[in-house]
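Have a look at query.tsv; it's TSV, C-alpha atoms:
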```
chain	number	residue	atom	x	y	z
A	1485	MET	CA	-19.47	7.06	40.66
A	1486	ALA	CA	-18.93	3.74	38.86
A	1487	ILE	CA	-17.66	4.19	35.30
A	1488	THR	CA	-19.47	1.80	32.95
A	1489	ALA	CA	-18.39	0.44	29.58
A	1490	ALA	CA	-21.39	2.18	28.00
A	1491	MET	CA	-20.17	5.56	29.33
A	1492	VAL	CA	-16.69	4.94	27.95
A	1493	LYS	CA	-18.17	3.95	24.58
A	1494	GLU	CA	-20.35	7.09	24.47
A	1495	LEU	CA	-17.44	9.39	25.26
A	1496	ARG	CA	-15.26	7.66	22.71
A	1497	GLU	CA	-17.90	8.13	20.00
A	1498	MET	CA	-18.27	11.82	20.95
A	1499	THR	CA	-14.56	12.61	20.91
A	1500	GLY	CA	-12.72	9.96	18.91
A	1501	ALA	CA	-10.26	9.58	21.80
A	1502	GLY	CA	-8.85	6.20	22.81
A	1503	MET	CA	-10.69	3.82	25.14
A	1504	MET	CA	-8.21	4.17	28.01
A	1505	ASP	CA	-8.11	7.95	27.68
A	1506	CYS	CA	-11.92	8.07	27.86
A	1507	LYS	CA	-11.91	5.92	30.98
A	1508	LYS	CA	-9.28	8.16	32.63
A	1509	ALA	CA	-11.26	11.28	31.71
A	1510	LEU	CA	-14.49	9.91	33.17
A	1511	THR	CA	-12.72	8.76	36.32
A	1512	ALA	CA	-11.07	12.17	36.75
A	1513	THR	CA	-14.40	13.99	36.31
A	1514	ASP	CA	-16.49	11.56	38.37
A	1515	GLY	CA	-18.50	10.48	35.35
A	1516	ASP	CA	-19.53	13.95	34.19
A	1517	MET	CA	-19.71	13.59	30.40
A	1518	ASP	CA	-19.36	17.30	29.56
A	1519	LYS	CA	-16.42	17.75	31.89
A	1520	ALA	CA	-14.85	14.58	30.50
A	1521	VAL	CA	-15.05	16.05	26.97
A	1522	GLU	CA	-13.35	19.24	28.24
A	1523	PHE	CA	-10.73	17.12	30.01
A	1524	LEU	CA	-9.89	15.33	26.76
A	1525	ARG	CA	-9.86	18.57	24.76
A	1526	GLU	CA	-7.43	20.12	27.23
A	1527	LYS	CA	-5.17	17.10	26.80
A	1528	GLY	CA	-5.44	17.44	23.00
A	1529	LEU	CA	-7.10	14.04	22.68
A	1530	ALA	CA	-10.59	15.01	21.52
A	1531	THR	CA	-9.68	16.19	18.05
A	1532	ALA	CA	-9.39	12.96	16.09
A	1533	GLN	CA	-13.11	12.65	15.37
A	1534	LYS	CA	-13.30	16.12	13.79
A	1535	LYS	CA	-10.31	15.39	11.60
A	1536	ALA	CA	-11.66	12.02	10.50
A	1537	GLY	CA	-13.73	13.52	7.68
A	1538	ARG	CA	-10.76	15.15	5.96
A	1539	ILE	CA	-9.16	13.45	2.99
A	1540	ALA	CA	-5.83	11.75	3.72
A	1541	ALA	CA	-4.23	11.12	0.34
A	1542	GLU	CA	-0.57	11.84	1.11
A	1543	GLY	CA	1.63	9.73	3.37
A	1544	ILE	CA	4.22	7.03	2.84
A	1545	VAL	CA	4.64	3.39	1.95
A	1546	MET	CA	7.13	1.63	4.20
A	1547	VAL	CA	8.64	-1.81	3.70
A	1548	GLN	CA	10.37	-4.00	6.27
A	1549	VAL	CA	12.25	-7.25	5.66
A	1550	SER	CA	13.23	-9.76	8.35
A	1551	GLU	CA	16.91	-10.29	9.02
A	1552	ASP	CA	16.90	-13.67	7.28
A	1553	GLY	CA	15.01	-12.24	4.28
A	1554	LYS	CA	12.27	-14.87	4.54
A	1555	LYS	CA	9.49	-12.48	5.50
A	1556	ALA	CA	8.58	-8.91	4.62
A	1557	VAL	CA	5.75	-6.44	4.89
A	1558	ALA	CA	4.61	-3.32	3.05
A	1559	VAL	CA	2.28	-0.81	4.69
A	1560	GLU	CA	0.66	2.39	3.46
A	1561	VAL	CA	-0.24	5.03	6.04
A	1562	ASN	CA	-1.86	8.21	4.80
A	1563	ALA	CA	-1.90	11.78	6.07
A	1564	GLU	CA	-3.42	14.96	4.64
A	1565	THR	CA	-0.25	16.78	3.60
A	1566	ASP	CA	3.15	15.98	2.17
A	1567	PHE	CA	4.63	18.16	4.94
A	1568	VAL	CA	3.44	15.74	7.63
A	1569	ALA	CA	4.42	12.72	5.51
A	1570	LYS	CA	8.04	13.93	5.64
A	1571	ASN	CA	7.88	14.58	9.40
A	1572	ASP	CA	10.16	12.38	11.54
A	1573	LYS	CA	7.42	11.73	14.11
A	1574	PHE	CA	5.02	10.50	11.43
A	1575	GLN	CA	7.68	8.31	9.84
A	1576	GLY	CA	8.59	6.86	13.23
A	1577	TYR	CA	4.94	5.98	13.80
A	1578	VAL	CA	4.67	4.32	10.36
A	1579	ALA	CA	7.78	2.25	11.17
A	1580	GLN	CA	5.98	1.00	14.28
A	1581	VAL	CA	2.88	0.16	12.22
A	1582	ALA	CA	5.12	-1.83	9.84
A	1583	GLU	CA	6.66	-3.67	12.79
A	1584	GLN	CA	3.18	-4.54	14.05
A	1585	ALA	CA	2.14	-5.67	10.55
A	1586	MET	CA	5.15	-8.01	10.36
A	1587	GLU	CA	3.70	-10.01	13.25
A	1588	THR	CA	-0.03	-9.67	12.63
A	1589	SER	CA	-2.34	-12.52	11.76
A	1590	ALA	CA	-5.13	-10.10	10.80
A	1591	ALA	CA	-6.65	-10.68	7.37
A	1592	ASP	CA	-7.59	-7.05	6.78
A	1593	VAL	CA	-7.13	-3.52	8.13
A	1594	GLU	CA	-10.38	-3.65	10.12
A	1595	ALA	CA	-9.14	-6.64	12.13
A	1596	PHE	CA	-5.65	-5.11	12.33
A	1597	LEU	CA	-7.06	-1.97	14.02
A	1598	GLN	CA	-8.68	-4.12	16.73
A	1599	GLU	CA	-5.39	-5.79	17.73
A	1600	PRO	CA	-3.50	-4.80	20.88
A	1601	TRP	CA	-0.83	-2.21	19.99
A	1602	LYS	CA	2.47	-4.03	20.55
A	1603	PHE	CA	4.16	-0.90	21.94
A	1604	ASP	CA	1.42	-0.37	24.56
A	1605	THR	CA	-0.89	-3.36	24.95
A	1606	THR	CA	-3.38	-1.39	27.08
A	1607	GLU	CA	-4.72	0.05	23.82
A	1608	THR	CA	-5.52	-1.15	20.32
A	1609	VAL	CA	-3.85	-0.24	17.04
A	1610	GLY	CA	-6.91	1.92	16.26
A	1611	GLU	CA	-6.70	3.77	19.57
A	1612	GLU	CA	-3.03	4.53	19.01
A	1613	LEU	CA	-3.93	5.84	15.55
A	1614	ALA	CA	-6.43	8.22	17.20
A	1615	HIS	CA	-3.66	9.43	19.53
A	1616	GLN	CA	-1.38	10.09	16.59
A	1617	ILE	CA	-4.12	12.03	14.78
A	1618	ALA	CA	-4.62	14.20	17.86
A	1619	THR	CA	-0.88	14.73	18.37
A	1620	ILE	CA	0.15	15.34	14.76
A	1621	GLY	CA	-2.96	17.39	13.99
A	1622	GLU	CA	-4.04	15.83	10.69
A	1623	ASN	CA	-6.37	13.05	9.69
A	1624	MET	CA	-4.41	9.83	9.20
A	1625	ASN	CA	-5.34	6.41	7.93
A	1626	ILE	CA	-3.73	2.97	7.98
A	1627	ARG	CA	-4.88	2.12	4.48
A	1628	ARG	CA	-3.42	-1.30	3.69
A	1629	PHE	CA	-0.69	-3.81	4.44
A	1630	ALA	CA	0.65	-6.98	2.83
A	1631	GLN	CA	2.91	-9.71	4.16
A	1632	VAL	CA	5.11	-11.80	1.88
A	1633	LYS	CA	6.79	-15.01	3.08
A	1634	GLU	CA	9.27	-17.14	1.14
A	1635	GLU	CA	10.90	-20.12	2.86
A	1636	ASN	CA	12.62	-21.35	-0.33
A	1637	GLY	CA	14.43	-18.16	-1.24
A	1638	PHE	CA	13.98	-14.59	-0.05
A	1639	VAL	CA	11.93	-11.41	-0.34
A	1640	ALA	CA	13.53	-8.39	-2.02
A	1641	SER	CA	12.38	-4.83	-1.40
A	1642	TYR	CA	12.68	-1.41	-2.96
A	1643	THR	CA	11.44	2.03	-1.90
A	1644	HIS	CA	11.20	4.89	-4.38
A	1645	MET	CA	11.13	8.65	-3.71
A	1646	GLY	CA	11.31	8.34	0.08
A	1647	GLY	CA	8.23	6.15	0.34
A	1648	LYS	CA	6.12	7.32	-2.59
A	1649	ILE	CA	6.29	3.75	-3.92
A	1650	GLY	CA	7.15	0.54	-2.07
A	1651	VAL	CA	7.76	-2.85	-3.70
A	1652	LEU	CA	8.27	-6.41	-2.44
A	1653	ILE	CA	9.41	-9.23	-4.75
A	1654	ASP	CA	8.92	-12.90	-3.82
A	1655	VAL	CA	11.95	-14.80	-5.15
A	1656	GLU	CA	12.08	-18.60	-5.02
A	1657	THR	CA	15.67	-19.76	-5.53
A	1658	ASP	CA	18.03	-22.53	-4.47
A	1659	VAL	CA	20.97	-20.12	-4.43
A	1660	VAL	CA	21.14	-16.83	-2.53
A	1661	ASN	CA	24.13	-14.60	-3.22
A	1662	ASP	CA	24.92	-10.96	-4.02
A	1663	GLU	CA	24.37	-11.38	-7.76
A	1664	ILE	CA	20.90	-12.89	-7.28
A	1665	LYS	CA	20.01	-10.25	-4.67
A	1666	GLU	CA	21.05	-7.55	-7.15
A	1667	MET	CA	18.86	-9.18	-9.82
A	1668	ALA	CA	15.90	-9.17	-7.41
A	1669	LYS	CA	16.43	-5.49	-6.60
A	1670	ASN	CA	16.52	-4.68	-10.32
A	1671	VAL	CA	13.21	-6.52	-10.78
A	1672	ALA	CA	11.78	-4.55	-7.83
A	1673	MET	CA	12.90	-1.29	-9.47
A	1674	GLN	CA	11.28	-2.45	-12.73
A	1675	THR	CA	8.04	-3.08	-10.84
A	1676	ALA	CA	8.14	0.39	-9.28
A	1677	ALA	CA	8.73	2.07	-12.64
A	1678	LEU	CA	6.45	0.09	-15.01
A	1679	LYS	CA	3.47	-0.71	-12.75
A	1680	PRO	CA	2.69	-4.31	-13.83
A	1681	LEU	CA	-0.71	-5.68	-12.81
A	1682	TYR	CA	0.27	-9.37	-12.78
A	1683	THR	CA	3.43	-11.42	-12.22
A	1684	ASN	CA	2.85	-13.68	-15.24
A	1685	ARG	CA	0.11	-14.69	-17.67
A	1686	SER	CA	-1.18	-17.52	-15.49
A	1687	GLU	CA	-2.52	-14.89	-13.07
A	1688	VAL	CA	-4.62	-13.20	-15.76
A	1689	SER	CA	-8.21	-14.44	-15.56
A	1690	ALA	CA	-9.91	-15.99	-18.59
A	1691	ASP	CA	-12.79	-13.54	-18.08
A	1692	TYR	CA	-10.41	-10.60	-18.44
A	1693	ILE	CA	-8.96	-12.05	-21.66
A	1694	GLU	CA	-12.43	-12.69	-23.13
A	1695	HIS	CA	-13.59	-9.19	-22.24
A	1696	GLU	CA	-10.51	-7.66	-23.89
A	1697	LYS	CA	-11.02	-9.82	-26.99
A	1698	GLU	CA	-14.59	-8.54	-27.37
A	1699	ILE	CA	-13.45	-4.91	-27.19
A	1700	LEU	CA	-10.50	-5.46	-29.52
A	1701	MET	CA	-12.66	-7.35	-32.04
A	1702	VAL	CA	-14.99	-4.36	-32.32
A	1703	GLN	CA	-11.94	-2.12	-32.82
A	1704	ALA	CA	-10.55	-4.44	-35.51
A	1705	LYS	CA	-13.88	-4.59	-37.40
A	1706	ASN	CA	-14.12	-0.80	-37.32
A	1707	GLU	CA	-10.61	-0.50	-38.73
A	1708	LYS	CA	-10.99	-3.25	-41.37
A	1709	PRO	CA	-14.71	-3.83	-42.03
A	1710	ASP	CA	-13.96	-5.97	-45.11
A	1711	ALA	CA	-11.41	-8.27	-43.45
A	1712	ASN	CA	-12.21	-11.97	-43.00
A	1713	GLU	CA	-12.44	-13.68	-39.61
A	1714	LYS	CA	-8.91	-15.11	-39.77
A	1715	ILE	CA	-7.36	-11.67	-40.29
A	1716	LEU	CA	-9.53	-10.13	-37.55
A	1717	ASN	CA	-8.60	-12.88	-35.08
A	1718	GLY	CA	-4.95	-12.38	-35.94
A	1719	MET	CA	-5.27	-8.65	-35.24
A	1720	VAL	CA	-7.02	-9.30	-31.92
A	1721	MET	CA	-4.47	-11.90	-30.71
A	1722	GLY	CA	-1.59	-9.64	-31.69
A	1723	ARG	CA	-3.04	-6.83	-29.60
A	1724	ILE	CA	-3.82	-9.14	-26.68
A	1725	ASN	CA	-0.20	-10.33	-26.64
A	1726	LYS	CA	1.04	-6.75	-26.79
A	1727	GLU	CA	-1.16	-5.83	-23.83
A	1728	LEU	CA	-0.06	-8.87	-21.80
A	1729	LYS	CA	3.57	-7.91	-22.37
A	1730	GLU	CA	2.82	-4.56	-20.78
A	1731	ILE	CA	0.81	-5.74	-17.76
A	1732	CYS	CA	2.67	-8.97	-16.83
A	1733	LEU	CA	5.95	-8.32	-15.00
A	1734	VAL	CA	8.02	-11.18	-16.42
A	1735	ASP	CA	6.84	-10.41	-19.99
A	1736	GLN	CA	7.75	-6.72	-19.83
A	1737	VAL	CA	10.82	-5.48	-21.66
A	1738	TYR	CA	13.54	-5.22	-19.02
A	1739	VAL	CA	14.25	-1.50	-18.59
A	1740	LYS	CA	18.01	-1.98	-18.27
A	1741	ALA	CA	18.23	-4.26	-21.31
A	1742	GLU	CA	21.02	-3.07	-23.60
A	1743	ASP	CA	19.27	-4.31	-26.74
A	1744	GLY	CA	15.87	-2.95	-25.69
A	1745	LYS	CA	14.36	-6.38	-26.36
A	1746	GLN	CA	15.28	-8.64	-23.43
A	1747	THR	CA	12.27	-9.41	-21.22
A	1748	VAL	CA	12.36	-9.54	-17.43
A	1749	GLN	CA	12.02	-13.34	-17.64
A	1750	GLN	CA	14.99	-13.56	-20.00
A	1751	TYR	CA	17.01	-11.35	-17.65
A	1752	VAL	CA	16.14	-13.56	-14.66
A	1753	ASP	CA	16.99	-16.67	-16.67
A	1754	SER	CA	20.36	-15.24	-17.70
A	1755	VAL	CA	21.27	-14.57	-14.05
A	1756	ALA	CA	20.06	-18.05	-13.05
A	1757	LYS	CA	22.26	-19.62	-15.72
A	1758	ALA	CA	25.30	-17.57	-14.72
A	1759	GLN	CA	24.83	-18.50	-11.03
A	1760	ASN	CA	23.86	-22.13	-11.70
A	1761	ALA	CA	20.58	-21.52	-9.87
A	1762	LYS	CA	16.86	-22.14	-10.27
A	1763	ILE	CA	15.02	-18.84	-9.92
A	1764	VAL	CA	11.30	-18.11	-10.07
A	1765	ILE	CA	9.71	-14.69	-9.55
A	1766	LYS	CA	6.62	-15.91	-7.68
A	1767	GLY	CA	4.87	-12.65	-6.99
A	1768	PHE	CA	5.10	-9.00	-6.03
A	1769	VAL	CA	3.45	-6.25	-4.00
A	1770	ARG	CA	3.49	-2.70	-5.34
A	1771	TYR	CA	1.99	0.11	-3.27
A	1772	GLU	CA	1.93	3.71	-4.46
A	1773	THR	CA	0.94	6.35	-1.93
A	1774	GLY	CA	-2.54	7.71	-2.49
A	1775	GLU	CA	-3.28	5.73	-5.66
A	1776	GLY	CA	-7.01	5.57	-6.22
A	1777	ILE	CA	-7.79	8.17	-3.54
A	1778	GLU	CA	-9.64	11.18	-4.88
A	1779	LYS	CA	-7.85	14.27	-3.63
A	1780	LYS	CA	-9.87	17.30	-2.63
A	1781	GLU	CA	-9.04	20.36	-4.70
A	1782	GLU	CA	-8.65	23.40	-2.46
A	1783	ASN	CA	-8.68	27.04	-3.53
A	1784	PHE	CA	-5.75	28.42	-1.52
A	1785	ALA	CA	-7.06	32.02	-1.39
A	1786	GLU	CA	-10.47	30.81	-0.22
A	1787	GLU	CA	-8.85	28.58	2.39
A	1788	VAL	CA	-6.80	31.48	3.81
A	1789	ALA	CA	-9.86	33.74	3.87
A	1790	LYS	CA	-11.83	31.03	5.66
A	1791	GLN	CA	-9.06	30.58	8.25
A	1792	MET	CA	-8.99	34.35	8.89
A	1793	GLY	CA	-12.78	34.55	9.17
A	1794	MET	CA	-13.07	36.89	6.17
```

Final structure tokens representation of the file:
Amino acid sequence: MAITAAMVKELREMTGAGMMDCKKALTATDGDMDKAVEFLREKGLATAQKKAGRIAAEGIVMVQVSEDGKKAVAVEVNAETDFVAKNDKFQGYVAQVAEQAMETSAADVEAFLQEPWKFDTTETVGEELAHQIATIGENMNIRRFAQVKEENGFVASYTHMGGKIGVLIDVETDVVNDEIKEMAKNVAMQTAALKPLYTNRSEVSADYIEHEKEILMVQAKNEKPDANEKILNGMVMGRINKELKEICLVDQVYVKAEDGKQTVQQYVDSVAKAQNAKIVIKGFVRYETGEGIEKKEENFAEEVAKQMGM
């Protein structure tokens, strides 16, 4: 019996198995859909679809930097449990995803999943993900990736807590040496610890500033209802500046500063002066595993009882 693309598509939607696996199953069972499902189940490949509804909020962030330091990537791949996230097989798979992401031209994860898998071009990135879900036995998700390129300098990286947080720092500089690399790593560690939202104030939108001013003005009027407009504006601008110092990386107080006052920008400038270099922190990527994902709260006793059929 001739195996059609429509049959392969139907089987894939029923089982969540990869395209090539579905084709093999249909060929082996002479196009019998039910037998093909059994074939895939026996091979352990028909489980991905069932697992796809479960929340994957654990996992790791992995960073990779090219040998010349000009290009880097950060990827976040999620799993359901911390146990699997620490598993060597899972981490090996994430390293492959990072390697693929280093070369991708995809603009988003959806396009990335449609690409040929570089380690087996007979299948896509998405199909390989389905294989991994079936093999590892948990729902998994390639959540996001980001490439950073810097021809006039280098990209620094830092990973915290075995992949809980991953950071890339885009450093434009006319001098690259150990001292400047150490500075960049310190800035990456700062980014991991203090969670800035922006690199500098130029990235903060005027709309955001105006919105904050409106909120802070109401606060100021509630605190000092008799104050004149000049005093209120002064209070608002003071608070805006304080907030910007917290959310903009280069304006933050440098965590290793001995005087507790030096900003990240002042630290970078001091290294630049000492090394007779021009240094600009152009941008950063900071991924934290599971941030923004709502984790499902499980009652352990209920879960055990459910597993035992009680």

Residues within 12 Å of (21.9, -16.1, -2.6), file coords, only C-alpha atoms, listed as an MDAnalysis selection string
chainID A and resid 1552:1553 1636:1640 1655:1668 1755:1756 1759:1763

Using only C-alpha atoms, please write the residues we just selected to a file, as a PDB file, in the coordinates of the input.
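Contents of the output file selection03.pdb:
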```pdb
ATOM      1  CA  ASP A1552      16.900 -13.670   7.280  1.00  0.00           C
ATOM      2  CA  GLY A1553      15.010 -12.240   4.280  1.00  0.00           C
ATOM      3  CA  ASN A1636      12.620 -21.350  -0.330  1.00  0.00           C
ATOM      4  CA  GLY A1637      14.430 -18.160  -1.240  1.00  0.00           C
ATOM      5  CA  PHE A1638      13.980 -14.590  -0.050  1.00  0.00           C
ATOM      6  CA  VAL A1639      11.930 -11.410  -0.340  1.00  0.00           C
ATOM      7  CA  ALA A1640      13.530  -8.390  -2.020  1.00  0.00           C
ATOM      8  CA  VAL A1655      11.950 -14.800  -5.150  1.00  0.00           C
ATOM      9  CA  GLU A1656      12.080 -18.600  -5.020  1.00  0.00           C
ATOM     10  CA  THR A1657      15.670 -19.760  -5.530  1.00  0.00           C
ATOM     11  CA  ASP A1658      18.030 -22.530  -4.470  1.00  0.00           C
ATOM     12  CA  VAL A1659      20.970 -20.120  -4.430  1.00  0.00           C
ATOM     13  CA  VAL A1660      21.140 -16.830  -2.530  1.00  0.00           C
ATOM     14  CA  ASN A1661      24.130 -14.600  -3.220  1.00  0.00           C
ATOM     15  CA  ASP A1662      24.920 -10.960  -4.020  1.00  0.00           C
ATOM     16  CA  GLU A1663      24.370 -11.380  -7.760  1.00  0.00           C
ATOM     17  CA  ILE A1664      20.900 -12.890  -7.280  1.00  0.00           C
ATOM     18  CA  LYS A1665      20.010 -10.250  -4.670  1.00  0.00           C
ATOM     19  CA  GLU A1666      21.050  -7.550  -7.150  1.00  0.00           C
ATOM     20  CA  MET A1667      18.860  -9.180  -9.820  1.00  0.00           C
ATOM     21  CA  ALA A1668      15.900  -9.170  -7.410  1.00  0.00           C
ATOM     22  CA  VAL A1755      21.270 -14.570 -14.050  1.00  0.00           C
ATOM     23  CA  ALA A1756      20.060 -18.050 -13.050  1.00  0.00           C
ATOM     24  CA  GLN A1759      24.830 -18.500 -11.030  1.00  0.00           C
ATOM     25  CA  ASN A1760      23.860 -22.130 -11.700  1.00  0.00           C
ATOM     26  CA  ALA A1761      20.580 -21.520  -9.870  1.00  0.00           C
ATOM     27  CA  LYS A1762      16.860 -22.140 -10.270  1.00  0.00           C
ATOM     28  CA  ILE A1763      15.020 -18.840  -9.920  1.00  0.00           C
TER      29      ILE A1763
END
```

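With CA of Lys1729 (chain A) on one side and CA of Asp1743 (chain A) on the other, the separation reads 16.7 Å.
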
Distance cut-off 10 Å, centre (-3.5, 4.8, -4.5) in file coordinates, counting only C-alpha atoms: which residues qualify? Return them as a list in words.
Ala1541, Glu1542, Glu1560, Arg1627, Ile1649, Tyr1771, Glu1772, Thr1773, Gly1774, Glu1775, Gly1776, Ile1777 and Glu1778 of chain A

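Nearest residue to Asn1623 (chain A), choosing from A:Gly1744, A:Gly1647, A:Gly1500, A:Pro1600 and counting only C-alpha atoms: A:Gly1500.
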
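CA of Val1764 (chain A) to CA of Gln1674 (chain A) spans 15.9 Å [interatomic distance, one decimal].
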
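Pairwise distance (CA of Met1721 (chain A), CA of Val1702 (chain A)) equals 13.0 Å.
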
Nearest candidate to Asp1514 (chain A) (options A:Ala1540, A:Leu1652, A:Met1546, A:Ala1486; using only C-alpha atoms):
A:Ala1486

Applying 9 Å and all atoms listed in the file, which residues near Arg1723 (chain A) remain after dropping the ones on its own chain fewer than 4 positions away? List them as a PyMOL selection string.
chain A and resi 1697+1700+1718-1719+1727-1728

Using all atoms listed in the file, which of the listed residues (A:Val1752, A:Lys1527, A:Val1769, A:Ala1618) sits closest to Ala1676 (chain A)?
A:Val1769

Choose the residue, out of A:Glu1494, A:Asp1691, A:Asp1516, A:Glu1635, that has the smallest atom-to-atom separation from Asp1654 (chain A); count all atoms listed in the file.
A:Glu1635

Draw an axis-aligned box tight on the listed atoms of region 1739-1751 of chain A, then pad every side by 4 Å and write out centre and edge lengths in Å to one decimal as JSON.
```
{"center_x": 16.5, "center_y": -7.5, "center_z": -22.1, "size_x": 17.0, "size_y": 20.1, "size_z": 17.3}
```

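Shortest atom-to-atom contact with Arg1628 (chain A) among A:Val1545, A:Val1651, A:Ala1690, A:Ile1724: A:Val1545, counting only C-alpha atoms.
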
So that I can see what lies close to Lys1679 (chain A), please list as a PyMOL selection string the residues with an atom at most 9 Å from it, counting only C-alpha atoms and leaving out residues fewer than 5 positions away in the same chain.
chain A and resi 1674+1730-1731+1733+1770
